[in-house]
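Peer 1: Attaching a single structure in structure tokens format; questions to follow.
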Amino acid sequence: MTTENTPVSTDFIREIINEDNRAGKHNGRVHTRFPPEPNGYLHIGHAKSICLNFGIAQEYGGLCNLRFDDTNPCKEEVEYVDSIMEDVRWLGFDWEDRLFYASDYFDQLYDWAVQMIEAGKAYVCDLSAEQTRQFRGTLTEPGKNSPYRDRKVEENLDLFTRMKAGEFPDGTRTLRAKIDMASPNLNMRDPVMYRILHAEHHRTGDKWCIYPMYDFTHGQSDSLERITHSICTLEFENHRPLYDWYIQELGIFAPRQIEFARLNLTYTMMSKRRLLELVRDGHVAGWDDPRMPTICGLRRRGYTPEAIRNFCKRIGVSKVDSVVDIALLEHCLREDLNKRAPRVMAVLKPVKLVIDNYPDGQIEEMEAINNPEDAAAGTRLVPFSKVLYIEEDDFREEAPKKYHRLTPGQEVRLRYGYLVTCTGCVKDPATGAVVEVHCTYDPATRGGNTPDGRKVKGTIHWVSAAKAVDAEVRVYDNLFTKPDPGDVPDGQDYRVNLNPKSLEIIPAAKVEPSLASAKINDKCQFERLGYFSVDKDSQPGKPIFNRTVTLKDTWAKIEGRGAGGEG
RNA sequence: UGGGGAAUAGUGUAACGGCAGCACAAAUGACUCUGGAUCAUUUAGUCUAGGUUCAAAUCCUAGUUCCCCAGCCA
């Protein structure tokens, strides 16, 4: 290791695993798991955990299980189970035959609970939820023992059996661990192990009316699956002593829990509760709305698994609460899409460009490069004609400095077309809006070439008016207007930071004819605009494109900077 | 005035007592048939105060700030 001149740096989790392996802890065996609760859709924060757990297993030649922590039947649904499996697979990971559910272990957990009662380590408590809270004490004051704490083993056994048999209504009794009501760690103040819940479980149906708490389930589930390294988020650090206590009392295999900081992203909200609210209150169109940070939302937006995985690799992992700049995610996306997305021309805000000296009715097929980053992608033919659509933004009657586009007297290149010189425009006399831009072309510049070697600063994209295909384009922006959506005035909530312009629908964009046959989820780059992905709402002949991410726009920066000066 | 964690450029992350590095962002320039991509350059950091040491981001002491915990949620 000291001979290595380029030491590869490892994060603190891999370092712990390395130490364990060096010490021969599990004979080098590494087994992790991704343990979601099926009560919502997976988001980019989960992707971090998935990449960590499955990634570590791959790197160490180990295994990673998928296990649903389904101990609360009131919140969990198969819809979520299915979506989670789909998303993990889409991200590119495989749990093979190791799909588990905490509910698989309900019988074993029940037996262990009985065992703890018999050992005098657990008791049935008749306190109400409210009373339990009062007896628990506070952060600074110790709790008080429950009056039911010293029940005899036989009575506890009888009561617990009858809880299971359904003799008592919800909330009337709990099974609690007998630990220490004075512990400074509130999790150790006789935590509830089982509660009564007459609820239908998505897997076990009505077999049970008592359900184990997460804390009495999670550690043992890891133990049963022989998980060597149980990786979870920071908020469970306080629970580790409790998991360790159960494991020790039960005398079973002890996984090692390691906690890391969950992912936060600027302009984004990651809490499942709030994401659910956004969906329920109709602020977005669903869990897979392309503005959502959910995996399915990102997928629909046009993200690739590669981009997300690379992002997870780059953000690293530590125990520091942090907020990652969404720009990094977008960078990873562009980096991936730049290599793979075919280039096409599309005009979002069309205005007609008429080439006055171009023959009426003539159509030329111009050869265009599909992807300058990938020679193997080849070329295609794009029809060119006298009347084209160009971007509204690409013409200014009065142009600012450094404006390299169409303005009277200025020559620009029509990408893969011809060089044209702007001669003026026609305006709607009523509104003053530009309805037509006029120009003349230089026939010697076919294909956009300049045989005389002359340089033009600007190149703009276009679509033949005669051959254009109509398309809807959905232009997305951040869902929130502030880097921290939770940054709100007193008495208000994150909803005031919802971005009213997070979605702009462009019903009548003009795209080149090759796009007529685009298939759902196809990705492409609209030259000079950004990357786009075909939405599932598309109809034959009427494609719908989601803007995945813009291209970096230097001009917008230049212009934005000068914006204070003049219009 | 309980317990558990964490502090390194704007952001994220390295360093394991020996030259504070990388990525994103930002800025400048080169190049360009995408104001894209690419390339080059620049700006910018060890929470504070003491101490140990030839040498401290790293070890010690004291403080400061932030996060988590009082669900029969996970």
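By convention in this document, the chains of the structure tokens carry letters A, B, ... by their order, each chain's residues are numbered from 1, and ligands are numbered from 1 in the order they are shown.
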Quick one: residues within 10 Å of stretch 44-47 of chain B, only C-alpha atoms (C1' of nucleotides), excluding same-chain residues fewer than 5 positions away - as a VMD selection string?

Peer 2: chain B and resid 7 to 10 20 26 57 64 to 65

Peer 1: Need to verify the contact set: A:Ala122, 10 Å, only C-alpha atoms (C1' of nucleotides), exclusion of same-chain residues closer than 5 positions in sequence. Can you return it as a PyMOL selection string?

Peer 2: chain A and resi 113-117+149-151+153+156-157+175-179+190-193

Peer 1: Identify all chain B residues at most 10 Å from chain A by counting only C-alpha atoms (C1' of nucleotides); ligands do not count. Present them as a PyMOL selection string.

Peer 2: chain B and resi 1-7+11-15+23-25+33-37+66-74

Peer 1: I need the residues in stretch 179-405 of chain A that are strand (DSSP E) according to DSSP; give them as an NGL selection string.

Peer 2: :A and (192-196 or 210-212 or 229-233 or 256-260 or 343-344 or 346-347 or 350-355 or 363-369 or 379-385 or 387-391)

Peer 1: Report the distance between atom C1' of B:U48 and atom CA of A:Asn264 in Å, rounded to one decimal place.

Peer 2: 27.8 Å

Peer 1: Could you give me, as a list in words, each residue of stretch 339-525 of chain A that DSSP assigns to helix (DSSP H, G or I) when run on this structure's backbone?

Peer 2: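 Across stretch 339-525 of chain A, those assigned helix (DSSP H, G or I) are Lys339, Arg340, Ala375, Ala376, Ala377, Glu392, Asp393, Asp394, Pro443, Ala444, Thr445, Arg446, Gly447, Gly448, Tyr494, Arg495, Val496, Asn497, Pro513, Ser514, Leu515, Ala516 and Ser517 of chain A.
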
Peer 1: May I have the residues from that selection written out with N, CA, C and O atoms, as a PDB file, in the first residue's frame?

Peer 2:
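Saved as part_37.pdb:
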ATOM      1  N   LYS A 339     -22.851  12.295 -25.278  1.00  0.00           N
ATOM      2  CA  LYS A 339     -22.219  11.186 -25.990  1.00  0.00           C
ATOM      3  C   LYS A 339     -23.226  10.388 -26.810  1.00  0.00           C
ATOM      4  O   LYS A 339     -22.903   9.836 -27.845  1.00  0.00           O
ATOM      5  N   ARG A 340     -24.447  10.280 -26.318  1.00  0.00           N
ATOM      6  CA  ARG A 340     -25.366   9.323 -26.928  1.00  0.00           C
ATOM      7  C   ARG A 340     -26.553   9.914 -27.670  1.00  0.00           C
ATOM      8  O   ARG A 340     -27.159   9.214 -28.490  1.00  0.00           O
ATOM      9  N   ALA A 375     -19.002   9.253 -34.483  1.00  0.00           N
ATOM     10  CA  ALA A 375     -18.967   9.107 -35.940  1.00  0.00           C
ATOM     11  C   ALA A 375     -19.857   7.956 -36.398  1.00  0.00           C
ATOM     12  O   ALA A 375     -20.450   8.001 -37.480  1.00  0.00           O
ATOM     13  N   ALA A 376     -19.980   6.933 -35.574  1.00  0.00           N
ATOM     14  CA  ALA A 376     -20.764   5.755 -35.952  1.00  0.00           C
ATOM     15  C   ALA A 376     -22.249   6.070 -36.088  1.00  0.00           C
ATOM     16  O   ALA A 376     -23.012   5.307 -36.684  1.00  0.00           O
ATOM     17  N   ALA A 377     -22.675   7.212 -35.538  1.00  0.00           N
ATOM     18  CA  ALA A 377     -24.100   7.566 -35.597  1.00  0.00           C
ATOM     19  C   ALA A 377     -24.509   7.987 -37.017  1.00  0.00           C
ATOM     20  O   ALA A 377     -25.689   8.054 -37.334  1.00  0.00           O
ATOM     21  N   GLU A 392     -37.907  32.357 -32.889  1.00  0.00           N
ATOM     22  CA  GLU A 392     -38.216  33.765 -32.655  1.00  0.00           C
ATOM     23  C   GLU A 392     -37.001  34.539 -32.119  1.00  0.00           C
ATOM     24  O   GLU A 392     -36.700  35.644 -32.567  1.00  0.00           O
ATOM     25  N   ASP A 393     -36.317  33.920 -31.194  1.00  0.00           N
ATOM     26  CA  ASP A 393     -35.150  34.515 -30.555  1.00  0.00           C
ATOM     27  C   ASP A 393     -33.983  34.746 -31.493  1.00  0.00           C
ATOM     28  O   ASP A 393     -33.048  35.457 -31.147  1.00  0.00           O
ATOM     29  N   ASP A 394     -34.021  34.094 -32.658  1.00  0.00           N
ATOM     30  CA  ASP A 394     -32.873  34.185 -33.545  1.00  0.00           C
ATOM     31  C   ASP A 394     -32.978  35.354 -34.523  1.00  0.00           C
ATOM     32  O   ASP A 394     -32.179  35.474 -35.451  1.00  0.00           O
ATOM     33  N   PRO A 443     -26.080  30.912 -53.118  1.00  0.00           N
ATOM     34  CA  PRO A 443     -26.146  29.545 -53.653  1.00  0.00           C
ATOM     35  C   PRO A 443     -24.810  28.817 -53.588  1.00  0.00           C
ATOM     36  O   PRO A 443     -24.773  27.587 -53.630  1.00  0.00           O
ATOM     37  N   ALA A 444     -23.718  29.544 -53.441  1.00  0.00           N
ATOM     38  CA  ALA A 444     -22.397  28.901 -53.407  1.00  0.00           C
ATOM     39  C   ALA A 444     -22.095  28.249 -52.057  1.00  0.00           C
ATOM     40  O   ALA A 444     -21.081  27.593 -51.891  1.00  0.00           O
ATOM     41  N   THR A 445     -22.990  28.460 -51.089  1.00  0.00           N
ATOM     42  CA  THR A 445     -22.693  27.988 -49.736  1.00  0.00           C
ATOM     43  C   THR A 445     -23.514  26.770 -49.344  1.00  0.00           C
ATOM     44  O   THR A 445     -23.762  26.517 -48.171  1.00  0.00           O
ATOM     45  N   ARG A 446     -23.909  25.984 -50.312  1.00  0.00           N
ATOM     46  CA  ARG A 446     -24.750  24.814 -50.037  1.00  0.00           C
ATOM     47  C   ARG A 446     -24.129  23.918 -48.967  1.00  0.00           C
ATOM     48  O   ARG A 446     -22.924  23.661 -48.967  1.00  0.00           O
ATOM     49  N   GLY A 447     -24.972  23.466 -48.061  1.00  0.00           N
ATOM     50  CA  GLY A 447     -24.488  22.609 -46.976  1.00  0.00           C
ATOM     51  C   GLY A 447     -23.929  23.433 -45.820  1.00  0.00           C
ATOM     52  O   GLY A 447     -23.561  22.898 -44.789  1.00  0.00           O
ATOM     53  N   GLY A 448     -23.885  24.752 -46.036  1.00  0.00           N
ATOM     54  CA  GLY A 448     -23.346  25.592 -44.969  1.00  0.00           C
ATOM     55  C   GLY A 448     -21.864  25.855 -45.124  1.00  0.00           C
ATOM     56  O   GLY A 448     -21.227  26.428 -44.254  1.00  0.00           O
ATOM     57  N   TYR A 494     -43.666  25.258   2.491  1.00  0.00           N
ATOM     58  CA  TYR A 494     -42.884  25.153   1.257  1.00  0.00           C
ATOM     59  C   TYR A 494     -43.687  25.454   0.001  1.00  0.00           C
ATOM     60  O   TYR A 494     -43.135  25.778  -1.045  1.00  0.00           O
ATOM     61  N   ARG A 495     -45.001  25.363   0.108  1.00  0.00           N
ATOM     62  CA  ARG A 495     -45.823  25.565  -1.088  1.00  0.00           C
ATOM     63  C   ARG A 495     -45.716  26.975  -1.658  1.00  0.00           C
ATOM     64  O   ARG A 495     -45.931  27.196  -2.845  1.00  0.00           O
ATOM     65  N   VAL A 496     -45.358  27.947  -0.806  1.00  0.00           N
ATOM     66  CA  VAL A 496     -45.194  29.311  -1.335  1.00  0.00           C
ATOM     67  C   VAL A 496     -43.986  29.389  -2.270  1.00  0.00           C
ATOM     68  O   VAL A 496     -43.851  30.330  -3.046  1.00  0.00           O
ATOM     69  N   ASN A 497     -43.110  28.405  -2.180  1.00  0.00           N
ATOM     70  CA  ASN A 497     -41.917  28.412  -3.037  1.00  0.00           C
ATOM     71  C   ASN A 497     -42.076  27.580  -4.309  1.00  0.00           C
ATOM     72  O   ASN A 497     -41.126  27.400  -5.061  1.00  0.00           O
ATOM     73  N   PRO A 513     -38.778  16.311 -39.992  1.00  0.00           N
ATOM     74  CA  PRO A 513     -39.612  15.152 -40.312  1.00  0.00           C
ATOM     75  C   PRO A 513     -39.101  13.824 -39.739  1.00  0.00           C
ATOM     76  O   PRO A 513     -39.897  12.930 -39.447  1.00  0.00           O
ATOM     77  N   SER A 514     -37.789  13.703 -39.515  1.00  0.00           N
ATOM     78  CA  SER A 514     -37.266  12.423 -39.016  1.00  0.00           C
ATOM     79  C   SER A 514     -37.843  12.077 -37.644  1.00  0.00           C
ATOM     80  O   SER A 514     -37.822  10.936 -37.203  1.00  0.00           O
ATOM     81  N   LEU A 515     -38.409  13.078 -36.972  1.00  0.00           N
ATOM     82  CA  LEU A 515     -38.918  12.865 -35.622  1.00  0.00           C
ATOM     83  C   LEU A 515     -40.356  12.327 -35.596  1.00  0.00           C
ATOM     84  O   LEU A 515     -40.885  11.989 -34.538  1.00  0.00           O
ATOM     85  N   ALA A 516     -40.963  12.251 -36.767  1.00  0.00           N
ATOM     86  CA  ALA A 516     -42.353  11.801 -36.812  1.00  0.00           C
ATOM     87  C   ALA A 516     -42.490  10.394 -36.246  1.00  0.00           C
ATOM     88  O   ALA A 516     -43.508  10.039 -35.668  1.00  0.00           O
ATOM     89  N   SER A 517     -41.442   9.609 -36.395  1.00  0.00           N
ATOM     90  CA  SER A 517     -41.526   8.219 -35.967  1.00  0.00           C
ATOM     91  C   SER A 517     -40.858   7.975 -34.610  1.00  0.00           C
ATOM     92  O   SER A 517     -40.599   6.829 -34.242  1.00  0.00           O
TER      93      SER A 517
END

Peer 1: Would you list the contacts of B:C60 as a PyMOL selection string, taking every protein, DNA or RNA residue within 12 Å and counting only C-alpha atoms (C1' of nucleotides), but skipping same-chain residues closer than 4 positions in sequence?

Peer 2: chain B and resi 50-53+56

Peer 1: Between atom CA of A:Trp208 and atom CA of A:Trp112, what is the distance in Å, rounded to a tenth?

Peer 2: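 Computing the Euclidean distance for atom CA of A:Trp208 and atom CA of A:Trp112 yields 15.8 Å.
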
Peer 1: Could you pull the residues within 10 Å of A:Tyr60, counting only C-alpha atoms (C1' of nucleotides), minus those fewer than 4 positions along the same chain, as a ChimeraX atom specification?

Peer 2: /A:14,17-18,21,28-31,55-56

Peer 1: Hey, can you spit out that residue selection with N, CA and C atoms as a PDB file, in the first residue's frame?

Peer 2:
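Listed below is the output, result35.pdb:
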ATOM      1  N   ARG A  14     -16.396   2.209   2.996  1.00  0.00           N
ATOM      2  CA  ARG A  14     -15.497   1.205   2.402  1.00  0.00           C
ATOM      3  C   ARG A  14     -14.272   1.009   3.264  1.00  0.00           C
ATOM      4  N   ILE A  17     -15.227  -1.399   5.903  1.00  0.00           N
ATOM      5  CA  ILE A  17     -15.300  -2.745   5.342  1.00  0.00           C
ATOM      6  C   ILE A  17     -13.888  -3.308   5.127  1.00  0.00           C
ATOM      7  N   ASN A  18     -13.005  -2.454   4.635  1.00  0.00           N
ATOM      8  CA  ASN A  18     -11.616  -2.894   4.452  1.00  0.00           C
ATOM      9  C   ASN A  18     -11.006  -3.356   5.772  1.00  0.00           C
ATOM     10  N   ASN A  21     -12.429  -6.636   6.770  1.00  0.00           N
ATOM     11  CA  ASN A  21     -11.860  -7.714   5.956  1.00  0.00           C
ATOM     12  C   ASN A  21     -10.422  -8.030   6.374  1.00  0.00           C
ATOM     13  N   GLY A  28     -14.046 -12.226   4.941  1.00  0.00           N
ATOM     14  CA  GLY A  28     -14.071 -11.408   3.740  1.00  0.00           C
ATOM     15  C   GLY A  28     -15.428 -11.324   3.070  1.00  0.00           C
ATOM     16  N   ARG A  29     -16.401 -11.977   3.653  1.00  0.00           N
ATOM     17  CA  ARG A  29     -17.730 -11.948   3.056  1.00  0.00           C
ATOM     18  C   ARG A  29     -18.354 -10.561   3.236  1.00  0.00           C
ATOM     19  N   VAL A  30     -18.936 -10.014   2.166  1.00  0.00           N
ATOM     20  CA  VAL A  30     -19.622  -8.720   2.253  1.00  0.00           C
ATOM     21  C   VAL A  30     -21.040  -8.899   1.729  1.00  0.00           C
ATOM     22  N   HIS A  31     -21.997  -8.587   2.581  1.00  0.00           N
ATOM     23  CA  HIS A  31     -23.397  -8.752   2.197  1.00  0.00           C
ATOM     24  C   HIS A  31     -24.178  -7.532   2.688  1.00  0.00           C
ATOM     25  N   GLY A  55     -23.544  -1.214  -5.128  1.00  0.00           N
ATOM     26  CA  GLY A  55     -22.197  -0.932  -5.609  1.00  0.00           C
ATOM     27  C   GLY A  55     -21.139  -1.592  -4.746  1.00  0.00           C
ATOM     28  N   ILE A  56     -21.298  -1.479  -3.433  1.00  0.00           N
ATOM     29  CA  ILE A  56     -20.332  -2.086  -2.521  1.00  0.00           C
ATOM     30  C   ILE A  56     -20.322  -3.601  -2.689  1.00  0.00           C
TER      31      ILE A  56
END

Peer 1: When you count only C-alpha atoms, which of these residues is closest to A:Phe93: A:Asp111, A:Glu306, A:Asp428, A:Glu277?

Peer 2: A:Glu306
